[in-house]
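Novice: Sharing a structure with you now.
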Amino acid sequence: MIPSCALAFFAARVLARWSDSGAVAVLKAALVPLGLGLMLASGVSLVRVVDHDALTVAISVATAAFVVLSRRNPLWALAAGTCVKIVALHMA
């Protein structure tokens with residue numbers, strides 16, 4: 001089994017060596033939607049497992065909207081969601 005860092009290192013070396021090839025450009029263009037789809041799928045599966053009530057669903061949707069529509073650091077949205085949940089737990 002090859003560690004992921006070694007695989008990434010060797011892939012970067014190969015891509016740097018053959019960067020002027022048309023096949024490498026096609027490969028890079030094909031990997032972008034694949035990576036985005038995998039990230040979206042992992043987010044959806046995480047939301048399905050974690051969100052159990054309306055408040056957590058609203059926090060998840062607001063955080064996703066913040067990340068998509070804003071150029072700010074996503075940690076701000078995570079911190080705000082955490083504060084909202086803590087306040088909601090103390091109010092209940």
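Simple scheme: letters A, B, ... for chains in structure tokens order, numbers from 1 for residues in each chain, numbers from 1 for ligands in the order shown.
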What's the 8 Å shell around segment 56-59 of chain A, counting only C-alpha atoms, without same-chain residues fewer than 5 positions away, as a short mmCIF file (atom, residue, chain, number, x, y, z; two decimals) with all heavy atoms, in the first residue's frame?
Specialist:
data_model
loop_
_atom_site.label_atom_id
_atom_site.label_comp_id
_atom_site.auth_asym_id
_atom_site.auth_seq_id
_atom_site.Cartn_x
_atom_site.Cartn_y
_atom_site.Cartn_z
N VAL A 47 -24.17 15.49 6.32
CA VAL A 47 -25.38 16.19 6.75
C VAL A 47 -26.49 15.20 7.08
O VAL A 47 -27.22 15.36 8.05
CB VAL A 47 -25.83 17.21 5.68
CG1 VAL A 47 -27.24 17.68 5.91
CG2 VAL A 47 -24.88 18.39 5.65
N ASP A 51 -27.39 15.91 11.01
CA ASP A 51 -28.52 16.82 11.23
C ASP A 51 -29.79 16.06 11.59
O ASP A 51 -30.27 15.24 10.81
CB ASP A 51 -28.76 17.68 9.99
CG ASP A 51 -27.64 18.66 9.75
OD1 ASP A 51 -26.82 18.85 10.67
OD2 ASP A 51 -27.57 19.24 8.66
N GLY A 81 -21.94 29.01 13.56
CA GLY A 81 -22.87 27.89 13.77
C GLY A 81 -22.70 27.25 15.13
O GLY A 81 -23.68 26.86 15.78
N LYS A 85 -25.57 27.09 18.07
CA LYS A 85 -25.97 25.81 18.69
C LYS A 85 -25.77 25.84 20.20
O LYS A 85 -26.61 25.33 20.96
CB LYS A 85 -25.20 24.66 18.05
CG LYS A 85 -25.62 23.30 18.54
CD LYS A 85 -27.04 22.98 18.13
CE LYS A 85 -27.40 21.57 18.56
NZ LYS A 85 -28.77 21.22 18.25
#
Novice: If I take atom CA of Ala54 of chain A and atom CA of Ala88 of chain A, how far is one from the other in Å, to one decimal?
Specialist: 11.8 Å
Novice: Of the candidates A:Ala80, A:Ile86, A:Leu40, A:Leu31, which shows the shortest atom-to-atom distance to Phe66 of chain A, using only C-alpha atoms?
Specialist: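 Residue with the minimum atom-to-atom distance to Phe66 of chain A: A:Ala80.
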